>>> print(open('data-v8.cif').read())   # mmCIF, C-alpha atoms
data_final
loop_
_atom_site.group_PDB
_atom_site.id
_atom_site.type_symbol
_atom_site.label_atom_id
_atom_site.label_comp_id
_atom_site.auth_asym_id
_atom_site.auth_seq_id
_atom_site.Cartn_x
_atom_site.Cartn_y
_atom_site.Cartn_z
ATOM 1 C CA MET A 200 -53.317 -30.705 -4.923
ATOM 2 C CA ASP A 201 -53.319 -29.460 -1.345
ATOM 3 C CA LEU A 202 -52.174 -25.925 -0.537
ATOM 4 C CA LYS A 203 -48.862 -26.941 1.049
ATOM 5 C CA LYS A 204 -47.845 -28.986 -2.004
ATOM 6 C CA GLU A 205 -48.943 -26.183 -4.309
ATOM 7 C CA ILE A 206 -46.831 -23.636 -2.429
ATOM 8 C CA GLU A 207 -43.835 -25.992 -2.467
ATOM 9 C CA PHE A 208 -44.264 -26.532 -6.208
ATOM 10 C CA PHE A 209 -44.281 -22.819 -7.023
ATOM 11 C CA ASP A 210 -41.424 -22.067 -4.627
ATOM 12 C CA ARG A 211 -39.340 -24.763 -6.331
ATOM 13 C CA PHE A 212 -40.414 -23.540 -9.781
ATOM 14 C CA GLU A 213 -39.334 -19.984 -8.930
ATOM 15 C CA GLU A 214 -35.936 -21.181 -7.694
ATOM 16 C CA GLU A 215 -35.360 -23.204 -10.860
ATOM 17 C CA HIS A 216 -36.403 -20.350 -13.168
ATOM 18 C CA ALA A 217 -35.076 -17.340 -11.256
ATOM 19 C CA ASP A 218 -32.610 -16.555 -14.060
ATOM 20 C CA TYR A 219 -35.343 -16.385 -16.703
ATOM 21 C CA ASP A 220 -35.408 -12.767 -17.762
ATOM 22 C CA VAL A 221 -37.278 -11.647 -20.871
ATOM 23 C CA LEU A 222 -36.550 -7.933 -20.755
ATOM 24 C CA GLY A 223 -32.971 -7.639 -19.571
ATOM 25 C CA GLU A 224 -31.501 -5.147 -17.147
ATOM 26 C CA ARG A 225 -31.656 -2.154 -19.493
ATOM 27 C CA ALA A 226 -35.408 -2.465 -20.001
ATOM 28 C CA TYR A 227 -36.001 -3.051 -16.285
ATOM 29 C CA ALA A 228 -34.009 0.091 -15.466
ATOM 30 C CA ARG A 229 -36.224 2.157 -17.794
ATOM 31 C CA LEU A 230 -39.421 0.707 -16.353
ATOM 32 C CA LEU A 231 -38.238 1.216 -12.781
ATOM 33 C CA GLY A 232 -37.384 4.841 -13.556
ATOM 34 C CA PHE A 233 -40.921 5.343 -14.844
ATOM 35 C CA PHE A 234 -42.469 3.709 -11.778
ATOM 36 C CA ALA A 235 -40.151 5.589 -9.418
ATOM 37 C CA ARG A 236 -41.711 8.845 -10.595
ATOM 38 C CA LEU A 237 -45.246 7.470 -10.183
ATOM 39 C CA ILE A 238 -44.845 6.007 -6.728
ATOM 40 C CA ALA A 239 -42.321 8.339 -5.122
ATOM 41 C CA SER A 240 -42.601 8.482 -1.333
ATOM 42 C CA ARG A 241 -45.372 5.896 -0.992
ATOM 43 C CA PRO A 242 -43.861 3.119 1.139
ATOM 44 C CA GLY A 243 -46.454 0.577 2.193
ATOM 45 C CA GLN A 244 -48.701 1.377 -0.789
ATOM 46 C CA LYS A 245 -50.491 -1.748 -2.024
ATOM 47 C CA CYS A 246 -49.449 -2.821 -5.512
ATOM 48 C CA ILE A 247 -50.347 -5.846 -7.631
ATOM 49 C CA ASP A 248 -48.198 -7.072 -10.506
ATOM 50 C CA LEU A 249 -50.625 -8.925 -12.792
ATOM 51 C CA GLY A 250 -48.956 -11.325 -15.184
ATOM 52 C CA CYS A 251 -45.800 -11.290 -13.081
ATOM 53 C CA GLY A 252 -44.301 -14.425 -14.624
ATOM 54 C CA SER A 253 -41.164 -15.303 -12.676
ATOM 55 C CA GLY A 254 -41.584 -12.240 -10.462
ATOM 56 C CA ALA A 255 -38.390 -10.586 -11.723
ATOM 57 C CA PHE A 256 -40.023 -7.166 -12.057
ATOM 58 C CA THR A 257 -42.001 -7.608 -8.835
ATOM 59 C CA ARG A 258 -38.761 -8.179 -6.923
ATOM 60 C CA ARG A 259 -37.274 -5.051 -8.480
ATOM 61 C CA LEU A 260 -40.313 -3.016 -7.400
ATOM 62 C CA ALA A 261 -39.735 -4.136 -3.816
ATOM 63 C CA VAL A 262 -36.945 -1.539 -3.439
ATOM 64 C CA PHE A 263 -39.678 1.120 -3.268
ATOM 65 C CA GLY A 264 -41.104 -0.375 -0.068
ATOM 66 C CA LEU A 265 -44.432 -1.278 -1.649
ATOM 67 C CA ASP A 266 -46.789 -3.914 -0.248
ATOM 68 C CA LEU A 267 -46.500 -6.143 -3.334
ATOM 69 C CA THR A 268 -48.517 -9.072 -4.605
ATOM 70 C CA GLY A 269 -47.545 -10.887 -7.794
ATOM 71 C CA MET A 270 -50.174 -12.853 -9.720
ATOM 72 C CA ASP A 271 -49.551 -14.718 -12.945
#
>>> encode(input="data-v8.cif", output="structure tokens")
Amino acid sequence: MDLKKEIEFFDRFEEEHADYDVLGERAYARLLGFFARLIASRPGQKCIDLGCGSGAFTRRLAVFGLDLTGMD
């Protein structure tokens, strides 16, 4: 599979599964509160979300201005 087709596949997959949410908003809020204390005032800090799945948590981390990479 060439790179362009691979990117298109995963972009389409993410769109189709964007609503998939294992934890729910309550759990995400708790996790984000924890991370907010760890990464306070570090915009641009590099961060990798290993095992990101659909990227739901990665997208929530983006509010902190991190330089994020998600890898499943």
>>> atom_distance(input="data-v8.cif", atom1="atom CA of A:Leu260", atom2="atom CA of A:Phe234")
8.3 Å
>>> closest_residue(input="data-v8.cif", among="A:Asp266, A:Glu207, A:Asp201, A:Glu215", to="A:Cys246", atoms="all atoms listed in the file")
A:Asp266
>>> resolve_selection(input="data-v8.cif", expression="the PyMOL selection byres ((chain A and resi 245) around 12)", output="PyMOL selection string")
chain A and resi 238+241-244+246-248+260-261+263-269
>>> atom_distance(input="data-v8.cif", atom1="atom CA of A:Gly223", atom2="atom CA of A:Phe256")
10.3 Å
>>> atom_distance(input="data-v8.cif", atom1="atom CA of A:Phe212", atom2="atom CA of A:Thr257")
16.0 Å
>>> resolve_selection(input="data-v8.cif", expression="the PyMOL selection byres ((chain A and resi 270) around 6)", output="number ranges by chain")
A: 249-251, 269, 271
>>> axis_aligned_box(input="data-v8.cif", around="stretch 234-251 of chain A", padding_each_side="5 Å", output="JSON")
{"center_x": -45.4, "center_y": -1.2, "center_z": -6.5, "size_x": 20.5, "size_y": 30.2, "size_z": 27.4}
>>> build_atoms(input="data-v8.cif", residues="stretch 249-265 of chain A", atoms="N, CA and C atoms", output="compact mmCIF listing (two decimals), in the coordinates of the input")
# COMPACT_ATOMS: atom_id res chain seq x y z
N LEU A 249 -49.86 -7.90 -12.07
CA LEU A 249 -50.62 -8.93 -12.79
C LEU A 249 -49.81 -9.43 -13.97
N GLY A 250 -49.76 -10.74 -14.12
CA GLY A 250 -48.96 -11.32 -15.18
C GLY A 250 -47.48 -11.26 -14.84
N CYS A 251 -47.16 -11.51 -13.58
CA CYS A 251 -45.80 -11.29 -13.08
C CYS A 251 -44.79 -12.33 -13.56
N GLY A 252 -45.26 -13.42 -14.14
CA GLY A 252 -44.30 -14.42 -14.62
C GLY A 252 -43.41 -14.93 -13.50
N SER A 253 -42.11 -14.82 -13.68
CA SER A 253 -41.16 -15.30 -12.68
C SER A 253 -41.06 -14.37 -11.48
N GLY A 254 -41.65 -13.19 -11.56
CA GLY A 254 -41.58 -12.24 -10.46
C GLY A 254 -40.36 -11.35 -10.51
N ALA A 255 -39.62 -11.38 -11.62
CA ALA A 255 -38.39 -10.59 -11.72
C ALA A 255 -38.67 -9.10 -11.55
N PHE A 256 -39.71 -8.59 -12.18
CA PHE A 256 -40.02 -7.17 -12.06
C PHE A 256 -40.61 -6.87 -10.68
N THR A 257 -41.41 -7.78 -10.16
CA THR A 257 -42.00 -7.61 -8.84
C THR A 257 -40.90 -7.44 -7.79
N ARG A 258 -39.88 -8.29 -7.88
CA ARG A 258 -38.76 -8.18 -6.92
C ARG A 258 -38.04 -6.84 -7.07
N ARG A 259 -37.93 -6.35 -8.28
CA ARG A 259 -37.27 -5.05 -8.48
C ARG A 259 -38.12 -3.91 -7.90
N LEU A 260 -39.43 -4.04 -7.98
CA LEU A 260 -40.31 -3.02 -7.40
C LEU A 260 -40.22 -2.97 -5.88
N ALA A 261 -39.80 -4.06 -5.28
CA ALA A 261 -39.74 -4.14 -3.82
C ALA A 261 -38.82 -3.07 -3.22
N VAL A 262 -37.86 -2.56 -3.98
CA VAL A 262 -36.94 -1.54 -3.44
C VAL A 262 -37.69 -0.26 -3.07
N PHE A 263 -38.89 -0.08 -3.57
CA PHE A 263 -39.68 1.12 -3.27
C PHE A 263 -40.49 0.98 -1.98
N GLY A 264 -40.40 -0.18 -1.33
CA GLY A 264 -41.10 -0.38 -0.07
C GLY A 264 -42.59 -0.60 -0.22
N LEU A 265 -43.01 -1.03 -1.40
CA LEU A 265 -44.43 -1.28 -1.65
C LEU A 265 -44.88 -2.58 -0.99
